[in-house]
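Raw final.pdb, PDB, C-alpha atoms:
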ATOM      1  CA  MET A   1      -9.442   1.058  35.773
ATOM      2  CA  LYS A   2     -10.569  -0.342  32.411
ATOM      3  CA  LYS A   3     -12.806   2.693  31.803
ATOM      4  CA  ASN A   4      -9.878   5.051  32.408
ATOM      5  CA  ASN A   5      -7.722   3.088  29.954
ATOM      6  CA  SER A   6     -10.430   3.233  27.279
ATOM      7  CA  LEU A   7     -10.835   6.987  27.779
ATOM      8  CA  LEU A   8      -7.101   7.455  27.284
ATOM      9  CA  ASN A   9      -6.903   5.089  24.296
ATOM     10  CA  ARG A  10      -9.439   6.940  22.164
ATOM     11  CA  PRO A  11      -7.692  10.353  22.138
ATOM     12  CA  PHE A  12      -4.379   8.609  21.551
ATOM     13  CA  MET A  13      -5.850   6.690  18.602
ATOM     14  CA  VAL A  14      -7.243   9.941  17.149
ATOM     15  CA  LEU A  15      -3.822  11.603  17.461
ATOM     16  CA  VAL A  16      -2.168   8.671  15.693
ATOM     17  CA  PHE A  17      -4.585   8.884  12.748
ATOM     18  CA  VAL A  18      -4.199  12.670  12.555
ATOM     19  CA  PHE A  19      -0.419  12.298  12.509
ATOM     20  CA  LEU A  20      -0.618   9.662   9.751
ATOM     21  CA  TYR A  21      -3.261  11.169   7.466
ATOM     22  CA  ALA A  22      -3.156  14.946   8.002
ATOM     23  CA  PRO A  23      -0.292  15.434   5.485
ATOM     24  CA  ILE A  24      -2.103  13.321   2.885
ATOM     25  CA  ILE A  25      -5.378  15.210   3.412
ATOM     26  CA  LEU A  26      -3.503  18.506   3.053
ATOM     27  CA  LEU A  27      -1.909  17.272  -0.175
ATOM     28  CA  ILE A  28      -5.294  16.218  -1.596
ATOM     29  CA  VAL A  29      -6.949  19.514  -0.652
ATOM     30  CA  PHE A  30      -4.260  21.665  -2.283
ATOM     31  CA  SER A  31      -4.338  19.565  -5.462
ATOM     32  CA  PHE A  32      -7.627  21.408  -6.133
ATOM     33  CA  ASN A  33      -6.151  24.839  -5.394
ATOM     34  CA  ALA A  34      -6.558  27.470  -8.101
ATOM     35  CA  GLY A  35      -3.191  29.051  -7.257
ATOM     36  CA  ASN A  36       0.402  27.853  -7.280
ATOM     37  CA  SER A  37       0.809  27.954  -3.519
ATOM     38  CA  ASN A  38       0.735  24.965  -1.223
ATOM     39  CA  MET A  39      -0.015  27.229   1.720
ATOM     40  CA  VAL A  40      -2.607  29.793   0.565
ATOM     41  CA  TRP A  41      -6.019  28.639  -0.674
ATOM     42  CA  LYS A  42      -7.185  30.630  -3.712
ATOM     43  CA  GLY A  43     -10.314  28.741  -4.689
ATOM     44  CA  PHE A  44     -11.394  25.396  -6.090
ATOM     45  CA  SER A  45     -10.051  24.401  -9.514
ATOM     46  CA  LEU A  46      -9.296  21.318 -11.612
ATOM     47  CA  ASP A  47      -6.632  23.091 -13.675
ATOM     48  CA  TRP A  48      -3.765  21.142 -12.151
ATOM     49  CA  TYR A  49      -5.388  17.843 -13.118
ATOM     50  CA  ALA A  50      -5.859  19.142 -16.670
ATOM     51  CA  LYS A  51      -2.182  20.196 -16.807
ATOM     52  CA  LEU A  52      -1.211  16.834 -15.388
ATOM     53  CA  PHE A  53      -2.871  14.908 -18.230
ATOM     54  CA  ARG A  54      -1.241  17.222 -20.792
ATOM     55  CA  ASN A  55       2.241  16.593 -19.361
ATOM     56  CA  ARG A  56       3.926  14.160 -21.760
ATOM     57  CA  LEU A  57       6.675  13.168 -19.303
ATOM     58  CA  ILE A  58       4.184  12.210 -16.605
ATOM     59  CA  MET A  59       1.903  10.360 -19.019
ATOM     60  CA  GLN A  60       4.877   8.359 -20.312
ATOM     61  CA  SER A  61       5.854   7.434 -16.758
ATOM     62  CA  VAL A  62       2.235   6.435 -16.029
ATOM     63  CA  TYR A  63       2.260   4.180 -19.106
ATOM     64  CA  THR A  64       5.589   2.613 -18.030
ATOM     65  CA  THR A  65       4.347   2.087 -14.476
ATOM     66  CA  LEU A  66       1.090   0.427 -15.561
ATOM     67  CA  LEU A  67       2.820  -1.755 -18.168
ATOM     68  CA  VAL A  68       5.509  -2.918 -15.741
ATOM     69  CA  SER A  69       2.960  -3.496 -12.964
ATOM     70  CA  LEU A  70       0.595  -5.511 -15.163
ATOM     71  CA  LEU A  71       3.326  -7.641 -16.755
ATOM     72  CA  ALA A  72       5.055  -8.214 -13.420
ATOM     73  CA  THR A  73       1.727  -9.159 -11.810
ATOM     74  CA  VAL A  74       0.879 -11.715 -14.503
ATOM     75  CA  ILE A  75       4.358 -13.288 -14.555
ATOM     76  CA  ALA A  76       4.731 -13.282 -10.752
ATOM     77  CA  THR A  77       1.225 -14.724 -10.271
ATOM     78  CA  VAL A  78       1.876 -17.631 -12.634
ATOM     79  CA  ALA A  79       5.378 -18.309 -11.266
ATOM     80  CA  GLY A  80       4.317 -17.857  -7.634
ATOM     81  CA  THR A  81       1.299 -20.155  -8.022
ATOM     82  CA  PHE A  82       3.372 -22.980  -9.475
ATOM     83  CA  ALA A  83       6.074 -22.399  -6.841
ATOM     84  CA  ALA A  84       3.457 -22.600  -4.065
ATOM     85  CA  ILE A  85       2.155 -25.876  -5.518
ATOM     86  CA  GLY A  86       5.730 -27.173  -5.625
ATOM     87  CA  PHE A  87       6.260 -26.206  -1.969
ATOM     88  CA  TYR A  88       2.970 -27.872  -1.073
ATOM     89  CA  ALA A  89       4.089 -31.153  -2.655
ATOM     90  CA  MET A  90       7.386 -31.186  -0.694
ATOM     91  CA  ARG A  91       8.015 -32.866   2.609
ATOM     92  CA  ARG A  92       7.693 -30.640   5.653
ATOM     93  CA  LYS A  93      11.410 -30.761   6.523
ATOM     94  CA  VAL A  94      12.309 -29.456   3.066
ATOM     95  CA  ARG A  95       9.384 -27.038   2.711
ATOM     96  CA  GLU A  96       9.830 -25.075   5.939
ATOM     97  CA  PRO A  97      13.420 -23.885   5.266
ATOM     98  CA  LEU A  98      12.446 -22.904   1.709
ATOM     99  CA  MET A  99       9.428 -20.954   2.964
ATOM    100  CA  THR A 100      11.731 -19.129   5.380
ATOM    101  CA  VAL A 101      13.987 -18.214   2.465
ATOM    102  CA  ASN A 102      10.899 -17.087   0.532
ATOM    103  CA  ASN A 103       9.881 -14.747   3.376
ATOM    104  CA  ILE A 104      13.277 -13.026   3.604
ATOM    105  CA  PRO A 105      12.743 -10.673   0.592
ATOM    106  CA  MET A 106       9.484  -9.412   2.112
ATOM    107  CA  MET A 107      11.206  -8.508   5.388
ATOM    108  CA  ASN A 108      14.392  -7.271   3.749
ATOM    109  CA  ALA A 109      14.898  -3.523   3.299
ATOM    110  CA  ASP A 110      14.068  -2.278  -0.197
ATOM    111  CA  ILE A 111      17.378  -0.433  -0.396
ATOM    112  CA  VAL A 112      19.259  -3.721   0.094
ATOM    113  CA  THR A 113      17.190  -5.481  -2.569
ATOM    114  CA  GLY A 114      17.566  -2.581  -5.008
ATOM    115  CA  VAL A 115      21.333  -2.236  -4.613
ATOM    116  CA  SER A 116      21.931  -6.005  -4.771
ATOM    117  CA  MET A 117      19.890  -6.361  -7.972
ATOM    118  CA  CYS A 118      21.676  -3.375  -9.484
ATOM    119  CA  LEU A 119      25.053  -4.997  -8.758
ATOM    120  CA  LEU A 120      23.787  -8.296 -10.184
ATOM    121  CA  PHE A 121      22.728  -6.656 -13.449
ATOM    122  CA  VAL A 122      26.035  -4.775 -13.742
ATOM    123  CA  ALA A 123      28.014  -7.980 -13.182
ATOM    124  CA  PHE A 124      25.896  -9.846 -15.735
ATOM    125  CA  PHE A 125      26.288  -7.091 -18.327
ATOM    126  CA  ASN A 126      30.056  -7.099 -17.869
ATOM    127  CA  GLY A 127      30.149 -10.870 -18.327
ATOM    128  CA  TRP A 128      27.873 -10.620 -21.364
ATOM    129  CA  SER A 129      30.147  -7.993 -22.921
ATOM    130  CA  HIS A 130      33.154 -10.350 -22.755
ATOM    131  CA  PHE A 131      31.104 -13.299 -24.013
ATOM    132  CA  ALA A 132      29.594 -11.334 -26.918
ATOM    133  CA  GLY A 133      33.035  -9.991 -27.903
ATOM    134  CA  TRP A 134      34.407 -13.540 -28.027
ATOM    135  CA  PHE A 135      31.334 -14.937 -29.822
ATOM    136  CA  ASN A 136      31.383 -12.218 -32.494
ATOM    137  CA  THR A 137      34.854 -13.317 -33.568
ATOM    138  CA  LEU A 138      33.567 -16.841 -34.238
ATOM    139  CA  GLY A 139      29.883 -16.794 -35.079
ATOM    140  CA  PRO A 140      28.168 -16.025 -38.398
ATOM    141  CA  PHE A 141      26.039 -13.319 -36.753
ATOM    142  CA  GLN A 142      26.805 -10.558 -34.278
ATOM    143  CA  LEU A 143      25.544 -10.237 -30.712
ATOM    144  CA  PRO A 144      25.144  -6.829 -29.050
ATOM    145  CA  THR A 145      28.206  -6.242 -26.900
ATOM    146  CA  ARG A 146      26.724  -3.562 -24.677
ATOM    147  CA  LEU A 147      23.612  -4.082 -22.565
ATOM    148  CA  THR A 148      22.198  -1.413 -20.279
ATOM    149  CA  MET A 149      19.566  -1.281 -17.576
ATOM    150  CA  GLY A 150      16.114  -0.246 -18.720
ATOM    151  CA  PHE A 151      12.598  -1.628 -19.040
ATOM    152  CA  GLY A 152      13.782  -5.255 -19.058
ATOM    153  CA  THR A 153      15.777  -5.023 -15.830
ATOM    154  CA  LEU A 154      12.951  -3.031 -14.231
ATOM    155  CA  LEU A 155      10.462  -5.778 -15.108
ATOM    156  CA  ILE A 156      12.760  -8.540 -13.805
ATOM    157  CA  ALA A 157      13.189  -6.678 -10.510
ATOM    158  CA  HIS A 158       9.423  -6.242 -10.061
ATOM    159  CA  VAL A 159       8.739  -9.898 -10.837
ATOM    160  CA  THR A 160      11.425 -10.925  -8.341
ATOM    161  CA  PHE A 161      10.032  -9.028  -5.354
ATOM    162  CA  ASN A 162       6.394  -9.862  -6.229
ATOM    163  CA  ILE A 163       6.746 -13.656  -6.340
ATOM    164  CA  PRO A 164       7.090 -14.131  -2.530
ATOM    165  CA  TYR A 165       3.814 -12.250  -1.948
ATOM    166  CA  VAL A 166       1.985 -14.529  -4.383
ATOM    167  CA  ILE A 167       3.437 -17.647  -2.742
ATOM    168  CA  LEU A 168       2.391 -16.361   0.673
ATOM    169  CA  SER A 169      -1.183 -15.773  -0.569
ATOM    170  CA  VAL A 170      -1.610 -19.092  -2.400
ATOM    171  CA  SER A 171       0.017 -21.406   0.182
ATOM    172  CA  PRO A 172      -2.776 -21.140   2.829
ATOM    173  CA  LYS A 173      -5.411 -22.042   0.222
ATOM    174  CA  LEU A 174      -3.413 -25.125  -0.742
ATOM    175  CA  ARG A 175      -3.196 -26.191   2.904
ATOM    176  CA  GLN A 176      -6.981 -25.786   3.238
ATOM    177  CA  MET A 177      -7.588 -27.952   0.170
ATOM    178  CA  ASP A 178      -8.369 -31.634   0.656
ATOM    179  CA  ARG A 179      -5.458 -33.649  -0.762
ATOM    180  CA  ASN A 180      -7.836 -36.439  -1.786
ATOM    181  CA  LEU A 181      -9.645 -34.233  -4.327
ATOM    182  CA  VAL A 182      -6.850 -34.482  -6.889
ATOM    183  CA  ASP A 183      -6.504 -38.253  -6.407
ATOM    184  CA  ALA A 184     -10.260 -38.672  -6.761
ATOM    185  CA  ALA A 185     -10.304 -36.633  -9.966
ATOM    186  CA  MET A 186      -7.469 -38.703 -11.453
ATOM    187  CA  ASP A 187      -9.182 -41.947 -10.396
ATOM    188  CA  LEU A 188     -12.244 -40.766 -12.329
ATOM    189  CA  GLY A 189     -10.193 -40.397 -15.509
ATOM    190  CA  CYS A 190      -8.695 -36.908 -15.364
ATOM    191  CA  THR A 191      -5.122 -36.342 -16.379
ATOM    192  CA  TRP A 192      -2.943 -34.368 -13.955
ATOM    193  CA  MET A 193      -3.354 -31.232 -16.074
ATOM    194  CA  GLN A 194      -7.136 -31.633 -16.154
ATOM    195  CA  ALA A 195      -7.182 -32.135 -12.384
ATOM    196  CA  PHE A 196      -4.991 -29.069 -11.999
ATOM    197  CA  ARG A 197      -7.291 -26.951 -14.165
ATOM    198  CA  LYS A 198     -10.646 -28.217 -12.852
ATOM    199  CA  VAL A 199      -9.867 -29.019  -9.209
ATOM    200  CA  ILE A 200      -6.762 -27.234  -7.916
ATOM    201  CA  ILE A 201      -7.256 -23.872  -9.637
ATOM    202  CA  PRO A 202     -10.890 -23.393  -8.462
ATOM    203  CA  GLU A 203      -9.871 -24.343  -4.900
ATOM    204  CA  ILE A 204      -6.966 -21.878  -4.716
ATOM    205  CA  LYS A 205      -8.493 -19.166  -6.922
ATOM    206  CA  PRO A 206      -9.157 -16.725  -3.999
ATOM    207  CA  GLY A 207      -5.489 -16.961  -3.007
ATOM    208  CA  ILE A 208      -4.358 -16.387  -6.595
ATOM    209  CA  VAL A 209      -6.553 -13.290  -6.936
ATOM    210  CA  SER A 210      -5.400 -11.912  -3.573
ATOM    211  CA  GLY A 211      -1.770 -12.553  -4.509
ATOM    212  CA  ALA A 212      -2.214 -10.832  -7.874
ATOM    213  CA  LEU A 213      -3.849  -7.770  -6.294
ATOM    214  CA  THR A 214      -1.109  -7.571  -3.661
ATOM    215  CA  ALA A 215       1.599  -7.916  -6.316
ATOM    216  CA  PHE A 216       0.030  -5.179  -8.442
ATOM    217  CA  THR A 217      -0.252  -2.873  -5.418
ATOM    218  CA  MET A 218       3.375  -3.463  -4.400
ATOM    219  CA  SER A 219       4.577  -2.985  -7.967
ATOM    220  CA  ILE A 220       2.699   0.236  -8.696
ATOM    221  CA  ASP A 221       3.783   1.662  -5.325
ATOM    222  CA  ASP A 222       7.500   0.796  -5.556
ATOM    223  CA  PHE A 223      10.193   3.457  -5.787
ATOM    224  CA  VAL A 224      13.468   2.323  -4.219
ATOM    225  CA  ILE A 225      13.975  -0.931  -6.166
ATOM    226  CA  SER A 226      12.832   0.737  -9.401
ATOM    227  CA  TYR A 227      15.261   3.607  -8.830
ATOM    228  CA  PHE A 228      18.244   1.227  -8.742
ATOM    229  CA  THR A 229      17.184  -1.087 -11.589
ATOM    230  CA  ALA A 230      15.489   1.157 -14.191
ATOM    231  CA  GLY A 231      18.620   2.860 -15.500
ATOM    232  CA  SER A 232      18.247   6.072 -17.469
ATOM    233  CA  SER A 233      15.990   4.843 -20.278
ATOM    234  CA  ALA A 234      12.908   4.013 -18.165
ATOM    235  CA  SER A 235      11.128   5.928 -15.439
ATOM    236  CA  THR A 236       8.184   4.929 -13.285
ATOM    237  CA  LEU A 237       5.646   7.351 -11.884
ATOM    238  CA  ALA A 238       7.259   7.335  -8.439
ATOM    239  CA  MET A 239      10.651   8.137  -9.980
ATOM    240  CA  THR A 240       9.156  11.001 -12.010
ATOM    241  CA  ILE A 241       7.523  12.464  -8.896
ATOM    242  CA  TYR A 242      10.852  12.237  -7.070
ATOM    243  CA  GLY A 243      12.573  14.087  -9.923
ATOM    244  CA  MET A 244       9.895  16.798  -9.887
ATOM    245  CA  THR A 245      10.264  17.397  -6.140
ATOM    246  CA  LYS A 246      13.950  18.287  -6.631
ATOM    247  CA  LYS A 247      12.921  21.440  -8.488
ATOM    248  CA  LYS A 248       9.712  22.716  -6.904
ATOM    249  CA  VAL A 249       6.688  21.114  -5.303
ATOM    250  CA  THR A 250       3.740  22.331  -7.371
ATOM    251  CA  PRO A 251       0.038  21.429  -7.131
ATOM    252  CA  GLU A 252       0.665  19.286 -10.219
ATOM    253  CA  ILE A 253       2.649  16.934  -7.965
ATOM    254  CA  ASN A 254      -0.219  17.096  -5.471
ATOM    255  CA  ALA A 255      -2.635  16.032  -8.210
ATOM    256  CA  ILE A 256      -0.589  13.048  -9.357
ATOM    257  CA  SER A 257       0.069  11.995  -5.748
ATOM    258  CA  THR A 258      -3.682  12.172  -5.049
ATOM    259  CA  LEU A 259      -4.462   9.916  -8.006
ATOM    260  CA  LEU A 260      -1.772   7.457  -6.916
ATOM    261  CA  PHE A 261      -3.083   7.420  -3.342
ATOM    262  CA  VAL A 262      -6.677   6.856  -4.495
ATOM    263  CA  THR A 263      -5.573   4.009  -6.805
ATOM    264  CA  VAL A 264      -3.710   2.192  -4.033
ATOM    265  CA  LEU A 265      -6.604   2.835  -1.626
ATOM    266  CA  ILE A 266      -9.079   1.267  -4.060
ATOM    267  CA  LEU A 267      -6.862  -1.792  -4.552
ATOM    268  CA  LEU A 268      -6.478  -2.276  -0.794
ATOM    269  CA  ALA A 269     -10.238  -1.878  -0.342
ATOM    270  CA  VAL A 270     -10.865  -4.557  -2.980
ATOM    271  CA  ILE A 271      -8.437  -6.929  -1.246
ATOM    272  CA  ASN A 272     -10.020  -6.368   2.169
ATOM    273  CA  LEU A 273     -13.550  -6.746   0.818
ATOM    274  CA  ARG A 274     -12.610 -10.021  -0.864
ATOM    275  CA  GLU A 275     -11.096 -11.347   2.364
ATOM    276  CA  ALA A 276     -14.167 -10.300   4.375
ATOM    277  CA  ARG A 277     -16.467 -11.985   1.846
ATOM    278  CA  GLN A 278     -14.398 -15.171   2.008
ATOM    279  CA  GLU A 279     -14.575 -15.149   5.804
ATOM    280  CA  ARG A 280     -18.377 -14.784   5.717
ATOM    281  CA  ARG A 281     -18.659 -17.568   3.161
ATOM    282  CA  ARG A 282     -16.407 -19.822   5.239
ATOM    283  CA  ALA A 283     -18.435 -19.093   8.371
ATOM    284  CA  ALA A 284     -21.672 -19.891   6.505
ATOM    285  CA  GLU A 285     -20.216 -23.204   5.273
ATOM    286  CA  LEU A 286     -19.204 -24.138   8.826
ATOM    287  CA  LYS A 287     -22.728 -23.472  10.101
ATOM    288  CA  HIS A 288     -24.207 -25.745   7.454
TER     289      HIS A 288
END

Could you rewrite the structure in this file as structure tokens?
Amino acid sequence: MKKNNSLLNRPFMVLVFVFLYAPIILLIVFSFNAGNSNMVWKGFSLDWYAKLFRNRLIMQSVYTTLLVSLLATVIATVAGTFAAIGFYAMRRKVREPLMTVNNIPMMNADIVTGVSMCLLFVAFFNGWSHFAGWFNTLGPFQLPTRLTMGFGTLLIAHVTFNIPYVILSVSPKLRQMDRNLVDAAMDLGCTWMQAFRKVIIPEIKPGIVSGALTAFTMSIDDFVISYFTAGSSASTLAMTIYGMTKKKVTPEINAISTLLFVTVLILLAVINLREARQERRRAAELKH
């Protein structure tokens, strides 16, 4: 009976992978097509990649995407690490409800997060407009009365949805850490900041790196939340691709999608390799 189940599972698994990756493989193949068609192969060529790098609109969106992703990763990693340490220092009855609240944004639909943040920014801008109008009648200098969504709101949105992933990555490393290490370091003359820098950070460093890589991957791959919070003055790579597909799907879109897929694949591979290395190191420490 078990042999029959295994014989049925393998073809089913193959069909699942074909269903998932056949469209992506087709997209990658036709990004090297010499012609304009996405159906007829006319020979191997790198022309579409050359045209891609000469496209000013796409290059600007790539720059915006990388800048937002890097800044959001740094800010979210720092904020998430300190938040995880704060959760770790709390009592269990207080920590568990807060961790549940922290996990909600990760399970929540992106469309809900994007729309809610858009409404929040609009409400804040309306309130700021009234405040600035009142302040300008009193103060010696003038405040801008009209704020709009753009790079700043886009960055805030990315930091907001990245922080829970960092907390989730750092928290297990804090639980694995011996609580007595910090007390021992302070008994030996370290200040709390020195103990934090020389004891806590090295202990939780794998979790911080994993959280940062996850945050960067989520940020560079986001479309829905960016679409609702970027406004008209900023555009990420995913938003630019979406705008291009409204006109005509050309091999240029295939090329940029291939590069995006390879980038995310490399980041995921790095994360998985780091986790596998940590598991082997942990297993070796247990043996000794």

The PyMOL selection byres ((chain A and resi 157) around 8) resolved against shown file, as a VMD selection string: chain A and resid 117 153 to 156 158 to 161 225 to 226 229

Picked residues, the PyMOL selection byres ((chain A and resi 130-132) around 9), expected as an NGL selection string: :A and (125-129 or 133-137 or 142-146)

Just the number, please: distance in Å from CA of Ile24 in chain A to CA of Trp41 in chain A, one decimal.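 Spanning CA of Ile24 in chain A to CA of Trp41 in chain A is a straight-line distance of 16.2 Å.
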
Leaving out range 259-268 of chain A and any residue of its chain fewer than 6 positions from it, which residues lie within 8 Å of it when counting all atoms listed in the file, given as a PyMOL selection string? chain A and resi 213+217+221

Considering all atoms listed in the file, tabulate each residue of range 154-242 of chain A that lies at most 12 Å from range 278-282 of chain A along with its nearest interatomic pair and the corresponding distance in Å to one decimal; arrange the rows by chain and ascending residue number and present them as a tab-separated table.
residue	atom	partner	partner_atom	distance
A:Lys173	CA	A:Gln278	CA	11.5
A:Gln176	CA	A:Arg282	CA	11.3
A:Lys205	CA	A:Gln278	CA	11.4
A:Pro206	CA	A:Gln278	CA	8.1
A:Gly207	CA	A:Gln278	CA	10.4
A:Ser210	CA	A:Gln278	CA	11.1

Counting all atoms listed in the file, the option among A:Thr214, A:Met186, A:Gln194, A:Ala230 closest to Ala269 in chain A: A:Thr214

Within 12 Å of range 90-102 of chain A using only C-alpha atoms, minus same-chain residues under 2 positions, as number ranges by chain: A: 80, 83-88, 104-108, 160-168, 171

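Using only C-alpha atoms, the smallest distance between any of A:Ile204, A:Leu46, A:Gly231, A:Lys246 and Leu147 in chain A comes from A:Gly231.
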
Let me know the residues the PyMOL selection byres ((chain A and resi 45) around 12) catches in the file above, as JSON, numbers by chain. {"A": [29, 30, 31, 32, 33, 34, 35, 36, 41, 42, 43, 44, 46, 47, 48, 49, 50, 51, 251, 252, 255]}

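Here CA of Gln60 in chain A is placed at a distance of 15.8 Å from CA of Ser257 in chain A.
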
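Reported to one decimal place, the separation of CA of Ala215 in chain A from CA of Ser69 in chain A is 8.1 Å.
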
Counting only C-alpha atoms, which residue out of A:Ala238, A:Val78, A:Ile220, A:Leu15 sits closest to Ile201 in chain A? A:Val78

Write out as a list in words which residues come within 10 Å of Phe196 in chain A when counting only C-alpha atoms, dropping same-chain ones fewer than 6 positions away.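 The contact residues come out as Val182, Ala185, Met186, Cys190, Pro202 and Glu203 of chain A.
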
Where's the centre, and what are the edge lengths in Å to one decimal, of a box along x, y and z enclosing all listed atoms of range 102-117 of chain A padded 4 Å per side, as AutoDock Vina command-line options?
--center_x 15.7 --center_y -8.8 --center_z -1.3 --size_x 20.4 --size_y 24.7 --size_z 21.4

Contact residues around Phe223 in chain A with only C-alpha atoms at 9 Å, ignoring same-chain residues under 6 positions, as a VMD selection string: chain A and resid 110 236 to 239 242

Counting only C-alpha atoms, I want the residues whose atoms come within 6 Å of (13.8, -0.8, -1.2) in the file frame, returned as a PDB file with C-alpha atoms, in the frame of the given file.
ATOM      1  CA  ALA A 109      14.898  -3.523   3.299  1.00  0.00           C
ATOM      2  CA  ASP A 110      14.068  -2.278  -0.197  1.00  0.00           C
ATOM      3  CA  ILE A 111      17.378  -0.433  -0.396  1.00  0.00           C
ATOM      4  CA  THR A 113      17.190  -5.481  -2.569  1.00  0.00           C
ATOM      5  CA  GLY A 114      17.566  -2.581  -5.008  1.00  0.00           C
ATOM      6  CA  VAL A 224      13.468   2.323  -4.219  1.00  0.00           C
ATOM      7  CA  ILE A 225      13.975  -0.931  -6.166  1.00  0.00           C
TER       8      ILE A 225
END

Pick from A:Ser116, A:Asn272, A:Met244, A:Lys287: nearest to Phe228 in chain A, with only C-alpha atoms counted? A:Ser116

So that I can check the surroundings of Thr73 in chain A, please list as a list in words every protein, DNA and RNA residue that reaches within 6 Å of it, counting all atoms listed in the file and ignoring chain neighbours fewer than 3 positions away.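 Once the nearby chain positions are removed, what remains is Ser69, Leu70, Ala76, Thr77, Ala212, Ala215 and Phe216 of chain A.
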
Kindly save the residues from that selection, with C-alpha atoms included, as a PDB file, in the coordinates of the input.
ATOM      1  CA  SER A  69       2.960  -3.496 -12.964  1.00  0.00           C
ATOM      2  CA  LEU A  70       0.595  -5.511 -15.163  1.00  0.00           C
ATOM      3  CA  ALA A  76       4.731 -13.282 -10.752  1.00  0.00           C
ATOM      4  CA  THR A  77       1.225 -14.724 -10.271  1.00  0.00           C
ATOM      5  CA  ALA A 212      -2.214 -10.832  -7.874  1.00  0.00           C
ATOM      6  CA  ALA A 215       1.599  -7.916  -6.316  1.00  0.00           C
ATOM      7  CA  PHE A 216       0.030  -5.179  -8.442  1.00  0.00           C
TER       8      PHE A 216
END
